[in-house]
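To start, the structure under review is shown below, and the notes come after it.
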Amino acid sequence: MNTTRVQIPRLLAGVLGLCAVAFAQERPPIEIRALPVGPDLFMLTGAGGNLCLAIGEDGALLVDSEYGQLSPKVLAAIAEKTDKPLRFVVNTHWHFDHVGGNQALAEAGAVVVAHENVRKRMSAEQVLGGLGRRIPPSPAAALPKLTFAGALTLHWNGDEIRITHLEPAHTDGDSIVYFSKANVLHAGDVYFNGVYPFIDVNAGGSIDGMIAAVDRLLERADADTKIIPGHGPLSTPDELRQYRQMLAAVREHVQALVKEGKSRDEVVAARPTRNLDEKWGRGGLEPDAFTGIVYDGMTKR
Ligand SMILES: [Zn+2]
């Protein structure tokens, strides 16, 4: 199946929270696909954020948990790769297309691990920045049981799995996860490969934070690192650098208009992303929505 074609409705479903609509309309039904990215390591894709599955002697570990509706399929995809139980789920941030399966996977025996702000945001009602969608608090059974403030290393399956919290970027609870043996980096939603990203301004996100986060990813990566973005296809560091250039160009153009004293509507109407839209404006946030969110993050406080 053509990955680009199927990715678009899935990405929009994740970004706009239209998951129920996507489920009703999408034919054939969504399957969880496993792409090998290293020895005993797989990128799993379905409808929400990209997952990373690590298997081995100690048991399975999963980065992010997909929409809850897909948990039976996620568990089946894990069982296809290993007879060992799922022991850990690491959340990259609080959004429902990354934590929706937490409860079912915890009930299957996994301990959910995340930055303390992920637990905080999941514990109370949230309003998605720029989209205005209300997200109710999660049930206690879905909340991370193990939280950390800065960084956490799991010595697991003979690997060092390094989880690092970033300064606020996409949200204030973003973590990246590095699998040392395979040289694979899960970026969470600070990286939407190939499209304009959603930035959750209400949860502390901003374009400055996104660019700083990408710089952290690039520091961690070498030429051979495989990067799993929160959304979009598996990436090379070069593709990540192109994404950084796009973010920096949009920041510069929007910043110039803000300095001229333009209102949000005027900034959006000026179409500061127009020279980038052909490459980046398809499949993720619409250019106008992205411009508005960049403006919001720049002018808040
Ligand atoms: Zn997100």
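Ligands are numbered from 1 in the order shown, chains are lettered A, B, ... in the order of the structure tokens, and residues start at 1 in each chain.
Around ligand 1, using only C-alpha atoms and all ligand atoms and a cut-off of 10 Å, the residues in contact are A:Gly14, A:Val15, A:Gly48, A:Gly49, A:Thr92, A:His93, A:Trp94, A:His95, A:Phe96, A:Asp97, A:His98, A:Val99, A:Leu128, A:His170, A:Thr171, A:Asp174, A:Gly188, A:Asp189, A:Val190, A:Tyr191, A:Phe192, A:Pro197, A:Phe198, A:Ile199, A:Asp200, A:Gly230, A:His231.
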Expected file contents, prior selection, N, CA and C atoms, as a CSV table (one decimal), in the first residue's frame:
```csv
chain,number,residue,atom,x,y,z
A,14,GLY,N,-5.2,12.1,13.8
A,14,GLY,CA,-4.4,12.3,15.1
A,14,GLY,C,-4.4,13.8,15.4
A,15,VAL,N,-4.2,14.6,14.5
A,15,VAL,CA,-4.0,16.0,14.8
A,15,VAL,C,-5.3,16.7,15.2
A,48,GLY,N,-2.6,6.3,14.9
A,48,GLY,CA,-2.2,7.5,15.7
A,48,GLY,C,-0.7,7.7,15.6
A,49,GLY,N,0.0,8.1,16.7
A,49,GLY,CA,1.4,8.3,16.6
A,49,GLY,C,2.2,7.0,16.3
A,92,THR,N,5.6,9.4,25.0
A,92,THR,CA,6.4,10.6,24.6
A,92,THR,C,5.8,11.9,25.0
A,93,HIS,N,4.4,11.9,25.1
A,93,HIS,CA,3.7,13.1,25.6
A,93,HIS,C,2.2,12.7,25.8
A,94,TRP,N,1.4,13.7,26.2
A,94,TRP,CA,0.1,13.3,26.7
A,94,TRP,C,-1.0,13.1,25.7
A,95,HIS,N,-0.8,13.5,24.4
A,95,HIS,CA,-1.9,13.5,23.4
A,95,HIS,C,-2.5,12.1,23.2
A,96,PHE,N,-3.8,12.1,23.0
A,96,PHE,CA,-4.6,10.9,23.0
A,96,PHE,C,-4.2,9.9,21.9
A,97,ASP,N,-3.6,10.4,20.8
A,97,ASP,CA,-3.2,9.4,19.8
A,97,ASP,C,-1.8,8.8,20.1
A,98,HIS,N,-1.3,9.1,21.3
A,98,HIS,CA,-0.1,8.5,21.8
A,98,HIS,C,-0.3,7.8,23.1
A,99,VAL,N,-1.4,8.1,23.9
A,99,VAL,CA,-1.6,7.5,25.2
A,99,VAL,C,-2.9,6.7,25.3
A,128,LEU,N,-7.1,21.5,23.7
A,128,LEU,CA,-6.0,21.5,22.7
A,128,LEU,C,-5.7,22.9,22.1
A,170,HIS,N,6.6,20.7,21.7
A,170,HIS,CA,5.2,20.3,21.2
A,170,HIS,C,4.3,20.4,22.4
A,171,THR,N,4.7,20.0,23.6
A,171,THR,CA,4.0,20.2,24.8
A,171,THR,C,5.1,20.4,25.9
A,174,ASP,N,7.3,16.6,26.7
A,174,ASP,CA,7.9,15.8,25.6
A,174,ASP,C,9.1,15.1,26.0
A,188,GLY,N,9.0,11.4,19.1
A,188,GLY,CA,7.7,11.9,19.5
A,188,GLY,C,7.2,13.0,18.6
A,189,ASP,N,6.3,13.8,19.0
A,189,ASP,CA,5.7,14.8,18.1
A,189,ASP,C,6.5,16.1,18.0
A,190,VAL,N,7.7,16.2,18.5
A,190,VAL,CA,8.5,17.3,18.1
A,190,VAL,C,8.9,17.2,16.6
A,191,TYR,N,8.6,16.0,16.1
A,191,TYR,CA,9.0,15.7,14.6
A,191,TYR,C,7.8,15.1,13.9
A,192,PHE,N,7.2,15.9,13.0
A,192,PHE,CA,6.2,15.4,12.0
A,192,PHE,C,7.0,15.3,10.7
A,197,PRO,N,3.9,20.6,11.5
A,197,PRO,CA,3.5,19.9,12.8
A,197,PRO,C,2.4,20.7,13.5
A,198,PHE,N,1.7,19.9,14.3
A,198,PHE,CA,0.8,20.6,15.3
A,198,PHE,C,1.7,21.0,16.5
A,199,ILE,N,1.4,22.1,17.1
A,199,ILE,CA,2.1,22.6,18.3
A,199,ILE,C,1.1,22.9,19.3
A,200,ASP,N,1.1,22.3,20.5
A,200,ASP,CA,0.1,22.5,21.5
A,200,ASP,C,0.4,23.7,22.4
A,230,GLY,N,7.1,11.3,15.4
A,230,GLY,CA,5.8,11.1,16.0
A,230,GLY,C,4.8,10.7,14.9
A,231,HIS,N,4.9,11.4,13.8
A,231,HIS,CA,4.0,11.1,12.6
A,231,HIS,C,4.8,11.1,11.3
```
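Residue neighbourhood of A:Asp64, excluding near-sequence residues (fewer than 4 positions): A:Leu51, A:Val90, A:Asn91, A:His98, at 6 Å, using only C-alpha atoms.
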Could you save those same residues with C-alpha atoms as a PDB file, in the first residue's frame?
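Result written to out_22.pdb:
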```pdb
ATOM      1  CA  LEU A  51       5.138   3.296  18.008  1.00  0.00           C
ATOM      2  CA  VAL A  90       6.851   4.810  27.529  1.00  0.00           C
ATOM      3  CA  ASN A  91       4.704   7.818  26.573  1.00  0.00           C
ATOM      4  CA  HIS A  98      -0.076   8.483  21.806  1.00  0.00           C
TER       5      HIS A  98
END
```
Item to check | 8 Å contact set for A:His165, only C-alpha atoms, chain neighbours under 3 positions out, as a ChimeraX atom specification | outcome: /A:115,149-151,173-176
Next on the checklist: For the alpha helix (DSSP H) assignment from backbone DSSP, which residues of stretch 43-255 of chain A qualify? Please present them as a VMD selection string.
Outcome noted: chain A and resid 71 to 81 96 to 99 102 to 107 116 to 122 207 to 220 237 to 255
Would you write out those residues with C-alpha atoms, as a PDB file, in the first residue's frame?
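Written output follows (result_26.pdb):
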```pdb
ATOM      1  CA  SER A  71      -5.143  -1.952  21.623  1.00  0.00           C
ATOM      2  CA  PRO A  72      -6.229  -5.519  20.690  1.00  0.00           C
ATOM      3  CA  LYS A  73      -4.374  -5.133  17.390  1.00  0.00           C
ATOM      4  CA  VAL A  74      -1.323  -3.616  19.092  1.00  0.00           C
ATOM      5  CA  LEU A  75      -1.199  -6.529  21.539  1.00  0.00           C
ATOM      6  CA  ALA A  76      -1.602  -8.987  18.650  1.00  0.00           C
ATOM      7  CA  ALA A  77       1.247  -7.288  16.745  1.00  0.00           C
ATOM      8  CA  ILE A  78       3.480  -7.637  19.826  1.00  0.00           C
ATOM      9  CA  ALA A  79       2.491 -11.314  20.255  1.00  0.00           C
ATOM     10  CA  GLU A  80       3.512 -11.950  16.658  1.00  0.00           C
ATOM     11  CA  LYS A  81       7.065 -10.859  17.475  1.00  0.00           C
ATOM     12  CA  PHE A  96      -4.602  10.866  22.986  1.00  0.00           C
ATOM     13  CA  ASP A  97      -3.179   9.439  19.757  1.00  0.00           C
ATOM     14  CA  HIS A  98      -0.076   8.483  21.806  1.00  0.00           C
ATOM     15  CA  VAL A  99      -1.595   7.468  25.182  1.00  0.00           C
ATOM     16  CA  ASN A 102      -2.416   3.050  28.087  1.00  0.00           C
ATOM     17  CA  GLN A 103      -5.290   1.549  30.059  1.00  0.00           C
ATOM     18  CA  ALA A 104      -5.622  -1.610  27.980  1.00  0.00           C
ATOM     19  CA  LEU A 105      -1.872  -2.140  27.870  1.00  0.00           C
ATOM     20  CA  ALA A 106      -1.570  -1.536  31.638  1.00  0.00           C
ATOM     21  CA  GLU A 107      -4.350  -4.071  32.182  1.00  0.00           C
ATOM     22  CA  GLU A 116       5.625  13.962  35.303  1.00  0.00           C
ATOM     23  CA  ASN A 117       3.846  16.608  33.166  1.00  0.00           C
ATOM     24  CA  VAL A 118       2.259  13.834  31.081  1.00  0.00           C
ATOM     25  CA  ARG A 119       0.613  12.429  34.209  1.00  0.00           C
ATOM     26  CA  LYS A 120      -0.381  15.938  35.323  1.00  0.00           C
ATOM     27  CA  ARG A 121      -2.057  16.802  32.010  1.00  0.00           C
ATOM     28  CA  MET A 122      -3.779  13.433  31.701  1.00  0.00           C
ATOM     29  CA  ILE A 207       7.966  27.153  17.483  1.00  0.00           C
ATOM     30  CA  ASP A 208      11.062  28.233  19.448  1.00  0.00           C
ATOM     31  CA  GLY A 209      10.696  25.135  21.592  1.00  0.00           C
ATOM     32  CA  MET A 210      10.195  22.926  18.527  1.00  0.00           C
ATOM     33  CA  ILE A 211      13.391  24.211  16.902  1.00  0.00           C
ATOM     34  CA  ALA A 212      15.367  23.794  20.136  1.00  0.00           C
ATOM     35  CA  ALA A 213      14.009  20.252  20.457  1.00  0.00           C
ATOM     36  CA  VAL A 214      15.052  19.398  16.904  1.00  0.00           C
ATOM     37  CA  ASP A 215      18.526  20.697  17.745  1.00  0.00           C
ATOM     38  CA  ARG A 216      18.638  18.293  20.704  1.00  0.00           C
ATOM     39  CA  LEU A 217      17.648  15.440  18.388  1.00  0.00           C
ATOM     40  CA  LEU A 218      20.331  16.400  15.880  1.00  0.00           C
ATOM     41  CA  GLU A 219      22.944  16.551  18.675  1.00  0.00           C
ATOM     42  CA  ARG A 220      21.992  13.048  19.724  1.00  0.00           C
ATOM     43  CA  PRO A 237      19.041  12.941  10.064  1.00  0.00           C
ATOM     44  CA  ASP A 238      19.146  14.788   6.706  1.00  0.00           C
ATOM     45  CA  GLU A 239      15.359  14.813   6.472  1.00  0.00           C
ATOM     46  CA  LEU A 240      15.231  16.080  10.056  1.00  0.00           C
ATOM     47  CA  ARG A 241      17.607  18.912   9.089  1.00  0.00           C
ATOM     48  CA  GLN A 242      15.275  19.900   6.226  1.00  0.00           C
ATOM     49  CA  TYR A 243      12.391  19.979   8.698  1.00  0.00           C
ATOM     50  CA  ARG A 244      14.435  22.249  10.970  1.00  0.00           C
ATOM     51  CA  GLN A 245      15.115  24.598   8.051  1.00  0.00           C
ATOM     52  CA  MET A 246      11.391  24.758   7.324  1.00  0.00           C
ATOM     53  CA  LEU A 247      10.582  25.542  10.976  1.00  0.00           C
ATOM     54  CA  ALA A 248      13.256  28.250  11.092  1.00  0.00           C
ATOM     55  CA  ALA A 249      11.998  29.839   7.852  1.00  0.00           C
ATOM     56  CA  VAL A 250       8.404  29.923   9.106  1.00  0.00           C
ATOM     57  CA  ARG A 251       9.544  31.403  12.425  1.00  0.00           C
ATOM     58  CA  GLU A 252      11.482  34.133  10.635  1.00  0.00           C
ATOM     59  CA  HIS A 253       8.594  35.056   8.332  1.00  0.00           C
ATOM     60  CA  VAL A 254       5.967  35.090  11.082  1.00  0.00           C
ATOM     61  CA  GLN A 255       8.267  36.951  13.476  1.00  0.00           C
TER      62      GLN A 255
END
```
Item to check | For A:Ile55: contacts at 12 Å, only C-alpha atoms, fewer than 4 positions along chain excluded, given as a PyMOL selection string | outcome: chain A and resi 36+38-43+59-63+77-88+156-159+179
Could you turn the residues from that selection into a file that holds N, CA and C atoms, as an mmCIF file, in the first residue's frame?
```cif
data_model
loop_
_atom_site.group_PDB
_atom_site.id
_atom_site.type_symbol
_atom_site.label_atom_id
_atom_site.label_comp_id
_atom_site.auth_asym_id
_atom_site.auth_seq_id
_atom_site.Cartn_x
_atom_site.Cartn_y
_atom_site.Cartn_z
ATOM 1 N N PRO A 36 10.963 -3.444 10.630
ATOM 2 C CA PRO A 36 12.191 -3.652 11.423
ATOM 3 C C PRO A 36 13.105 -2.428 11.310
ATOM 4 N N GLY A 38 15.982 -2.364 13.597
ATOM 5 C CA GLY A 38 17.219 -2.816 14.233
ATOM 6 C C GLY A 38 16.973 -4.223 14.725
ATOM 7 N N PRO A 39 18.018 -4.874 15.314
ATOM 8 C CA PRO A 39 17.802 -6.203 15.857
ATOM 9 C C PRO A 39 16.777 -6.120 16.991
ATOM 10 N N ASP A 40 15.715 -6.876 16.904
ATOM 11 C CA ASP A 40 14.679 -6.906 17.953
ATOM 12 C C ASP A 40 14.019 -5.549 18.196
ATOM 13 N N LEU A 41 13.970 -4.735 17.170
ATOM 14 C CA LEU A 41 13.375 -3.402 17.303
ATOM 15 C C LEU A 41 12.526 -3.088 16.065
ATOM 16 N N PHE A 42 11.304 -2.597 16.292
ATOM 17 C CA PHE A 42 10.366 -2.375 15.192
ATOM 18 C C PHE A 42 9.675 -1.025 15.346
ATOM 19 N N MET A 43 9.466 -0.356 14.217
ATOM 20 C CA MET A 43 8.558 0.795 14.199
ATOM 21 C C MET A 43 7.185 0.231 13.833
ATOM 22 N N GLY A 59 11.563 -8.964 28.209
ATOM 23 C CA GLY A 59 10.159 -8.680 27.898
ATOM 24 C C GLY A 59 10.046 -7.535 26.921
ATOM 25 N N ALA A 60 8.825 -7.277 26.484
ATOM 26 C CA ALA A 60 8.611 -6.247 25.463
ATOM 27 C C ALA A 60 8.473 -4.866 26.094
ATOM 28 N N LEU A 61 8.911 -3.868 25.338
ATOM 29 C CA LEU A 61 8.762 -2.456 25.728
ATOM 30 C C LEU A 61 8.231 -1.719 24.512
ATOM 31 N N LEU A 62 7.277 -0.825 24.758
ATOM 32 C CA LEU A 62 6.637 -0.118 23.658
ATOM 33 C C LEU A 62 6.714 1.380 23.918
ATOM 34 N N VAL A 63 7.098 2.156 22.902
ATOM 35 C CA VAL A 63 7.034 3.616 23.005
ATOM 36 C C VAL A 63 5.703 4.057 22.407
ATOM 37 N N ALA A 77 0.003 -7.552 17.494
ATOM 38 C CA ALA A 77 1.247 -7.288 16.745
ATOM 39 C C ALA A 77 2.466 -7.607 17.613
ATOM 40 N N ILE A 78 2.368 -7.312 18.918
ATOM 41 C CA ILE A 78 3.480 -7.637 19.826
ATOM 42 C C ILE A 78 3.624 -9.159 19.941
ATOM 43 N N ALA A 79 2.469 -9.851 20.089
ATOM 44 C CA ALA A 79 2.491 -11.314 20.255
ATOM 45 C C ALA A 79 3.051 -12.015 19.012
ATOM 46 N N GLU A 80 2.936 -11.362 17.876
ATOM 47 C CA GLU A 80 3.512 -11.950 16.658
ATOM 48 C C GLU A 80 5.032 -11.946 16.691
ATOM 49 N N LYS A 81 5.604 -11.001 17.456
ATOM 50 C CA LYS A 81 7.065 -10.859 17.475
ATOM 51 C C LYS A 81 7.722 -11.548 18.661
ATOM 52 N N THR A 82 6.984 -11.748 19.762
ATOM 53 C CA THR A 82 7.595 -12.302 20.977
ATOM 54 C C THR A 82 6.553 -13.030 21.819
ATOM 55 N N ASP A 83 7.014 -14.088 22.560
ATOM 56 C CA ASP A 83 6.090 -14.736 23.533
ATOM 57 C C ASP A 83 6.219 -14.073 24.882
ATOM 58 N N LYS A 84 7.186 -13.174 25.037
ATOM 59 C CA LYS A 84 7.347 -12.513 26.343
ATOM 60 C C LYS A 84 6.267 -11.447 26.506
ATOM 61 N N PRO A 85 5.920 -11.162 27.779
ATOM 62 C CA PRO A 85 4.872 -10.153 28.012
ATOM 63 C C PRO A 85 5.356 -8.729 27.751
ATOM 64 N N LEU A 86 4.400 -7.830 27.511
ATOM 65 C CA LEU A 86 4.705 -6.398 27.425
ATOM 66 C C LEU A 86 4.878 -5.891 28.854
ATOM 67 N N ARG A 87 6.073 -5.359 29.153
ATOM 68 C CA ARG A 87 6.361 -4.960 30.535
ATOM 69 C C ARG A 87 6.367 -3.439 30.724
ATOM 70 N N PHE A 88 6.770 -2.688 29.690
ATOM 71 C CA PHE A 88 6.801 -1.227 29.821
ATOM 72 C C PHE A 88 6.165 -0.547 28.609
ATOM 73 N N TRP A 156 17.594 -2.722 29.745
ATOM 74 C CA TRP A 156 16.514 -3.644 29.407
ATOM 75 C C TRP A 156 16.880 -4.415 28.156
ATOM 76 N N ASN A 157 16.719 -5.694 28.193
ATOM 77 C CA ASN A 157 17.033 -6.543 27.033
ATOM 78 C C ASN A 157 18.467 -6.322 26.550
ATOM 79 N N GLY A 158 19.388 -6.095 27.512
ATOM 80 C CA GLY A 158 20.790 -5.907 27.141
ATOM 81 C C GLY A 158 21.069 -4.574 26.465
ATOM 82 N N ASP A 159 20.123 -3.685 26.491
ATOM 83 C CA ASP A 159 20.255 -2.380 25.836
ATOM 84 C C ASP A 159 20.201 -1.281 26.894
ATOM 85 N N PHE A 179 17.412 4.270 21.638
ATOM 86 C CA PHE A 179 17.798 2.864 21.776
ATOM 87 C C PHE A 179 19.262 2.761 21.359
#
```
Next on the checklist: From a backbone DSSP assignment, name each residue in stretch 41-231 of chain A labelled strand (DSSP E or B), as a ChimeraX atom specification.
Outcome noted: /A:41-45,51-54,60-63,86-90,111-115,126-127,134-135,146-148,151-156,159-165,175-179,184-192,226-231
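Between A:Asp224 and the residues A:Gly194, A:Gly261, A:Ala140, A:Ala182, the shortest atom-to-atom distance, using only C-alpha atoms, involves A:Ala182.
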Long-range neighbours of A:Tyr196 as a PDB file with C-alpha atoms, in the first residue's frame, 7 Å cut-off, only C-alpha atoms, 3 positions minimum in chain:
```pdb
ATOM      1  CA  PHE A 192       6.235  15.391  12.009  1.00  0.00           C
ATOM      2  CA  TRP A 280       5.215  20.867   3.523  1.00  0.00           C
ATOM      3  CA  GLY A 281       1.555  21.854   3.304  1.00  0.00           C
ATOM      4  CA  GLY A 284      -0.390  17.631   8.159  1.00  0.00           C
ATOM      5  CA  LEU A 285      -1.778  20.875   9.480  1.00  0.00           C
ATOM      6  CA  PHE A 290      -0.016  26.169  11.224  1.00  0.00           C
TER       7      PHE A 290
END
```
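Reported to one decimal place, the separation of atom CA of A:Ala110 from atom CA of A:Lys181 is 22.6 Å.
In this structure, atom CA of A:Ala256 sits 12.5 Å away from atom CA of A:Thr273.
Of note, atom CA of A:Gly100 and atom CA of A:Leu35 are spaced 21.5 Å apart.
Among A:Met298, A:Val177, A:Ile32, A:Leu70, the residue with the shortest atom-to-atom distance to A:Thr153, counting only C-alpha atoms, is A:Val177.
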